[in-house]
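Contents: one structure, followed by commentary.
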Amino acid sequence: MPSVTGRAVQIPAAGGTFEVVQKQFPEPGLGHVRIRVQACGVCHSDAITKFGAFPGIAYPRVPGHEVAGVLDAVAPDVPLFKVGQRVGLGWHGGHCNYCAPCRRGDFILCENQQISGISFDGGYSDYVIAPANALALIPEDLADVDAAPLMCAGVTTYNSLRNSGARPGDTVAILGIGGLGHLAVQFAAKSGYRTMAIARGQDKASLARQLGAHLYIDSTTQNPAAELQKLGGAAVILSTLTNADALASAVNGLGPNGKLIIVGVPDKPFEVSATPLIMGNRTIAGWASGTGMDSEDTLNFSALAGVKPLIETYPLEQAAEAFDRMMSGKARFRVVLTTGA
Ligand SMILES: [Zn+2]
Ligand SMILES: [Zn+2]
């Protein structure tokens with residue numbers, strides 16, 4: 001397993017511009033693998049690496065945590081994985097196995113969790129070296145460009161919904177139809193929930209129905225909470241919104257025991273009255289993506305049920321344009337880099 005040479009698109013310093021460089025990728029150390037990247041999604045959280053929004057990021061750093069590729073080298077101590085297998089790598093970039101959450105099997109809450117593209121170089125690259133315990137196997141009938149966004153946007157929405165307590169037939173509302181929301185609507189509908197999609201304007205109504213939504217609410221002309229209450233209230237509202245005020249008002253759409261789950265970061269703190277929470281045993285919660293195994297479940301469910309991200313692809317060398325496109329909010333809906341490998 002000699003070292004290999006390939007391209008990487010790195011940020012030289014916090015706030016710096018993308019630069020395409022040639023890099024050496026050594027053979028992976030113990031517990032690690034080397035992935036020949038085929039596709040990598042461009043996620044809004046890549047802005048953390050671009051702008052240095054987390055403390056302690058070591059630069060230069062290659063962003064990217066929606067990786068799909070082929071195992072190119074595997075350390076000798078790694079069971080399960082073999083060279084040639086197709087794998088995905090997501091936000092969860094490996095866990096320590098020894099902290100208290102790990103010892104309880106709660107790997108996503110590992111106190112020493114690594115994050116792909118932040119703790120180590122990510123997928124805007126021909127190769128990635130990653131901990132083996134972060135990987136997901138990609139099913140045969142799922143293309144790399146479709147698998148990549150499922151490694152973050154996909155697992156976050158799928159894993160939050162399947163752990164929400166909602167049962168088939170329950171009303172589940174998805175707030176926002178964007179990069180996360182367009183996947184959440186598909187997962188909710190394919191899971192058998194009565195799925196309500198809520199977004200601004202009429203232009204997303206037909207798309208929402210194509211994605212499987214049973215109902216569409218235009219929040220500029222209708223009151224989402226009132227519409228949900230007509231159905232007895234939502235068992236779950238999954239919010240992908242950045243608009244904190246819209247998020248706060250959605251609480252009134254929850255049914256008894258209903259849960260508002262937040263997977264998109266709102267633009268500011270928000271206020272809600274505690275009364276409907278107390279009187280109806282309602283909950284407001286957050287959800288963090290998932291482990292490699294959760295991602296593997298996401299990929300398998302997507303292949304089984306026909307869930308696919310809507311994507312725009314860019315060649316790796318155009319990562320800067322791809323990032324700007326993602327940040328513009330105009331992409332429909334996930335931007336994916338391809339290496340041409
Ligand atoms: Zn992400
Ligand atoms: Zn740990």
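The chains in the structure tokens are called A, B, ... from first to last as shown; in each chain the residues are counted from 1, and the ligands are counted from 1 in the order shown.
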**Study point:** Contacts to ligand 2 at 6 Å cut-off (only C-alpha atoms and all ligand atoms) as a PyMOL selection string
**Key:** chain A and resi 95-99+102+110-112
Which polymer residues have any atom within 7 Å of an atom of Ser219 of chain A, counting only C-alpha atoms, with same-chain residues fewer than 5 positions away left out, as an mmCIF file with all heavy atoms, in the first residue's frame?
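Saved result, part.cif, follows:
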```
data_model
loop_
_atom_site.group_PDB
_atom_site.id
_atom_site.type_symbol
_atom_site.label_atom_id
_atom_site.label_comp_id
_atom_site.auth_asym_id
_atom_site.auth_seq_id
_atom_site.Cartn_x
_atom_site.Cartn_y
_atom_site.Cartn_z
ATOM 1 N N ILE A 198 -44.256 21.915 4.463
ATOM 2 C CA ILE A 198 -44.565 23.322 4.706
ATOM 3 C C ILE A 198 -43.416 24.173 4.182
ATOM 4 O O ILE A 198 -42.258 23.976 4.575
ATOM 5 C CB ILE A 198 -44.766 23.582 6.215
ATOM 6 C CG1 ILE A 198 -45.909 22.711 6.755
ATOM 7 C CG2 ILE A 198 -45.029 25.067 6.483
ATOM 8 C CD1 ILE A 198 -45.994 22.661 8.277
ATOM 9 N N ALA A 199 -43.733 25.073 3.266
ATOM 10 C CA ALA A 199 -42.697 25.968 2.731
ATOM 11 C C ALA A 199 -43.353 27.277 2.318
ATOM 12 O O ALA A 199 -44.579 27.406 2.372
ATOM 13 C CB ALA A 199 -41.978 25.314 1.549
ATOM 14 N N ARG A 200 -42.530 28.222 1.923
ATOM 15 C CA ARG A 200 -43.048 29.534 1.524
ATOM 16 C C ARG A 200 -43.368 29.537 0.029
ATOM 17 O O ARG A 200 -42.537 29.164 -0.777
ATOM 18 C CB ARG A 200 -42.010 30.621 1.826
ATOM 19 C CG ARG A 200 -41.750 30.832 3.317
ATOM 20 C CD ARG A 200 -40.628 31.844 3.534
ATOM 21 N NE ARG A 200 -40.956 33.136 2.941
ATOM 22 C CZ ARG A 200 -41.742 34.046 3.514
ATOM 23 N NH1 ARG A 200 -42.257 33.813 4.707
ATOM 24 N NH2 ARG A 200 -42.021 35.177 2.897
ATOM 25 N N GLY A 201 -44.591 29.956 -0.308
ATOM 26 C CA GLY A 201 -44.970 30.136 -1.717
ATOM 27 C C GLY A 201 -45.567 28.889 -2.333
ATOM 28 O O GLY A 201 -45.471 27.793 -1.774
ATOM 29 N N PRO A 224 -49.566 27.352 9.195
ATOM 30 C CA PRO A 224 -49.218 25.925 9.304
ATOM 31 C C PRO A 224 -49.717 25.285 10.594
ATOM 32 O O PRO A 224 -50.223 24.149 10.569
ATOM 33 C CB PRO A 224 -47.689 25.930 9.260
ATOM 34 C CG PRO A 224 -47.331 27.185 8.541
ATOM 35 C CD PRO A 224 -48.379 28.185 8.938
#
```
Practice item. Let me have all residues with an atom within 12 Å of ligand 1, counting only C-alpha atoms and all ligand atoms, laid out as an MDAnalysis selection string. Key: chainID A and resid 40:49 63:67 89:93 115:118 122:123 148:157 179:180 263:265 288:290 326 334:336
Saved selection, atoms kept: C-alpha atoms, as a compact mmCIF listing (two decimals), in the first residue's frame:
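Below is the file that was written, part-v4.txt:
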```
# COMPACT_ATOMS: atom_id res chain seq x y z
CA CYS A 40 -18.54 14.45 -2.32
CA GLY A 41 -21.53 16.55 -1.37
CA VAL A 42 -21.13 20.23 -0.59
CA CYS A 43 -22.95 20.93 2.69
CA HIS A 44 -23.73 24.22 4.41
CA SER A 45 -21.66 23.00 7.36
CA ASP A 46 -18.57 23.11 5.12
CA ALA A 47 -18.72 26.85 5.86
CA ILE A 48 -17.38 25.93 9.32
CA THR A 49 -14.10 24.91 7.68
CA PRO A 63 -13.56 20.31 3.72
CA GLY A 64 -16.14 17.68 2.84
CA HIS A 65 -18.19 15.25 4.92
CA GLU A 66 -20.50 13.71 2.31
CA VAL A 67 -18.06 11.28 0.77
CA LEU A 89 -18.06 8.81 5.06
CA GLY A 90 -20.22 11.42 6.76
CA TRP A 91 -20.08 14.16 9.40
CA HIS A 92 -19.34 11.57 12.10
CA GLY A 93 -15.66 10.96 11.46
CA ILE A 115 -15.64 15.38 12.27
CA SER A 116 -14.75 14.71 8.65
CA GLY A 117 -13.38 17.77 6.86
CA ILE A 118 -12.92 19.59 10.20
CA GLY A 122 -12.35 15.58 4.03
CA GLY A 123 -13.82 14.75 0.65
CA ALA A 148 -22.91 11.31 -1.15
CA PRO A 149 -25.60 13.76 0.07
CA LEU A 150 -27.29 10.93 1.97
CA MET A 151 -24.18 10.76 4.20
CA CYS A 152 -25.13 14.04 5.92
CA ALA A 153 -28.43 15.55 4.76
CA GLY A 154 -29.86 12.05 4.36
CA VAL A 155 -28.80 10.41 7.61
CA THR A 156 -29.71 13.52 9.61
CA THR A 157 -33.31 13.52 8.40
CA GLY A 179 -31.35 20.46 0.93
CA LEU A 180 -32.55 18.70 4.08
CA VAL A 263 -32.06 19.69 12.44
CA GLY A 264 -31.43 23.09 10.80
CA VAL A 265 -29.73 25.81 12.80
CA ALA A 288 -27.25 15.17 15.37
CA SER A 289 -26.75 13.13 12.18
CA GLY A 290 -25.72 9.54 12.95
CA MET A 326 -24.57 26.00 -2.31
CA ARG A 334 -27.72 19.41 -3.06
CA VAL A 335 -24.45 20.27 -4.79
CA VAL A 336 -22.11 17.34 -5.41
```
Within 8 Å of Leu175 of chain A using only C-alpha atoms, minus same-chain residues under 2 positions, as a PDB file with N, CA and C atoms, in the first residue's frame:
```
ATOM      1  N   ALA A 173     -44.906  16.654   9.965  1.00  0.00           N
ATOM      2  CA  ALA A 173     -44.740  17.847   9.125  1.00  0.00           C
ATOM      3  C   ALA A 173     -43.261  18.138   8.930  1.00  0.00           C
ATOM      4  N   ILE A 177     -38.514  23.125   2.418  1.00  0.00           N
ATOM      5  CA  ILE A 177     -38.147  22.165   1.364  1.00  0.00           C
ATOM      6  C   ILE A 177     -36.881  22.675   0.707  1.00  0.00           C
ATOM      7  N   GLY A 181     -34.848  19.350   3.684  1.00  0.00           N
ATOM      8  CA  GLY A 181     -36.293  19.134   3.636  1.00  0.00           C
ATOM      9  C   GLY A 181     -36.749  18.248   2.489  1.00  0.00           C
ATOM     10  N   ALA A 197     -45.829  18.836   3.949  1.00  0.00           N
ATOM     11  CA  ALA A 197     -44.675  19.679   3.646  1.00  0.00           C
ATOM     12  C   ALA A 197     -45.096  21.135   3.801  1.00  0.00           C
ATOM     13  N   ILE A 198     -44.256  21.915   4.463  1.00  0.00           N
ATOM     14  CA  ILE A 198     -44.565  23.322   4.706  1.00  0.00           C
ATOM     15  C   ILE A 198     -43.416  24.173   4.182  1.00  0.00           C
ATOM     16  N   ALA A 199     -43.733  25.073   3.266  1.00  0.00           N
ATOM     17  CA  ALA A 199     -42.697  25.968   2.731  1.00  0.00           C
ATOM     18  C   ALA A 199     -43.353  27.277   2.318  1.00  0.00           C
ATOM     19  N   ILE A 237     -42.904  17.406  14.175  1.00  0.00           N
ATOM     20  CA  ILE A 237     -42.564  18.447  13.200  1.00  0.00           C
ATOM     21  C   ILE A 237     -41.048  18.452  13.105  1.00  0.00           C
ATOM     22  N   LEU A 238     -40.546  18.214  11.913  1.00  0.00           N
ATOM     23  CA  LEU A 238     -39.093  18.229  11.697  1.00  0.00           C
ATOM     24  C   LEU A 238     -38.746  19.549  11.022  1.00  0.00           C
ATOM     25  N   SER A 239     -37.947  20.354  11.696  1.00  0.00           N
ATOM     26  CA  SER A 239     -37.630  21.668  11.142  1.00  0.00           C
ATOM     27  C   SER A 239     -36.253  21.704  10.514  1.00  0.00           C
ATOM     28  N   THR A 240     -36.228  22.127   9.248  1.00  0.00           N
ATOM     29  CA  THR A 240     -34.966  22.360   8.548  1.00  0.00           C
ATOM     30  C   THR A 240     -34.778  23.860   8.332  1.00  0.00           C
ATOM     31  N   LEU A 241     -35.641  24.671   8.961  1.00  0.00           N
ATOM     32  CA  LEU A 241     -35.662  26.112   8.706  1.00  0.00           C
ATOM     33  C   LEU A 241     -34.500  26.840   9.361  1.00  0.00           C
TER      34      LEU A 241
END
```
Point to revise | Sel. of strand (DSSP E or B) residues, segment 175-293 of chain A, as number ranges by chain | key: A: 175, 194-199, 215-218, 234-239, 254-262, 283-286
Point to revise | Distance query Asp297 of chain A at most 12 Å, only C-alpha atoms, self and fewer than 5 positions along chain excluded, as a VMD selection string | key: chain A and resid 88 135 to 139 147 150 to 151 154 to 156 158 to 159 162 290 to 292 302 to 305
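Nearest-residue note for Tyr127 of chain A: choosing from A:Leu310, A:Ala320, A:Val4, A:Met327, the minimum distance belongs to A:Val4, counting only C-alpha atoms.
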**Study point:** Surrounding residues of Val62 of chain A excluding itself and chain neighbours under 3 positions, 7 Å, only C-alpha atoms, as an MDAnalysis selection string
**Key:** chainID A and resid 8:11 117 121:122 124
Would you output that residue set with N, CA, C and O atoms, as a PDB file, in the first residue's frame?
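Result written to part27.pdb:
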```
ATOM      1  N   ALA A   8      -6.391  17.791  -4.119  1.00  0.00           N
ATOM      2  CA  ALA A   8      -7.218  18.143  -2.970  1.00  0.00           C
ATOM      3  C   ALA A   8      -7.560  19.617  -3.103  1.00  0.00           C
ATOM      4  O   ALA A   8      -6.770  20.396  -3.643  1.00  0.00           O
ATOM      5  N   VAL A   9      -8.754  19.983  -2.661  1.00  0.00           N
ATOM      6  CA  VAL A   9      -9.142  21.397  -2.669  1.00  0.00           C
ATOM      7  C   VAL A   9      -9.167  21.852  -1.221  1.00  0.00           C
ATOM      8  O   VAL A   9     -10.027  21.429  -0.450  1.00  0.00           O
ATOM      9  N   GLN A  10      -8.193  22.679  -0.849  1.00  0.00           N
ATOM     10  CA  GLN A  10      -8.027  23.030   0.562  1.00  0.00           C
ATOM     11  C   GLN A  10      -8.275  24.507   0.822  1.00  0.00           C
ATOM     12  O   GLN A  10      -8.200  25.345  -0.074  1.00  0.00           O
ATOM     13  N   ILE A  11      -8.575  24.785   2.095  1.00  0.00           N
ATOM     14  CA  ILE A  11      -8.663  26.154   2.589  1.00  0.00           C
ATOM     15  C   ILE A  11      -7.340  26.430   3.313  1.00  0.00           C
ATOM     16  O   ILE A  11      -7.007  25.720   4.262  1.00  0.00           O
ATOM     17  N   GLY A 117     -13.531  16.460   7.497  1.00  0.00           N
ATOM     18  CA  GLY A 117     -13.380  17.769   6.864  1.00  0.00           C
ATOM     19  C   GLY A 117     -13.171  18.901   7.843  1.00  0.00           C
ATOM     20  O   GLY A 117     -13.035  20.062   7.438  1.00  0.00           O
ATOM     21  N   ASP A 121      -8.678  15.948   7.043  1.00  0.00           N
ATOM     22  CA  ASP A 121      -9.020  16.360   5.684  1.00  0.00           C
ATOM     23  C   ASP A 121     -10.161  15.523   5.120  1.00  0.00           C
ATOM     24  O   ASP A 121     -10.165  14.298   5.224  1.00  0.00           O
ATOM     25  N   GLY A 122     -11.136  16.218   4.502  1.00  0.00           N
ATOM     26  CA  GLY A 122     -12.352  15.583   4.026  1.00  0.00           C
ATOM     27  C   GLY A 122     -12.367  15.326   2.531  1.00  0.00           C
ATOM     28  O   GLY A 122     -11.315  15.156   1.888  1.00  0.00           O
ATOM     29  N   TYR A 124     -13.312  16.911  -0.422  1.00  0.00           N
ATOM     30  CA  TYR A 124     -13.053  17.738  -1.605  1.00  0.00           C
ATOM     31  C   TYR A 124     -11.676  17.316  -2.129  1.00  0.00           C
ATOM     32  O   TYR A 124     -10.718  18.100  -2.124  1.00  0.00           O
TER      33      TYR A 124
END
```
Review point. In terms of the shortest atom-to-atom distance over only C-alpha atoms, which of A:Asp203, A:His182, A:Met196, A:Thr171 is closest to Val236 of chain A?
Key: A:Thr171
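Nearest residue to Ala188 of chain A, choosing from A:Val307, A:Phe81, A:Leu316, A:Gln202 and counting only C-alpha atoms: A:Val307.
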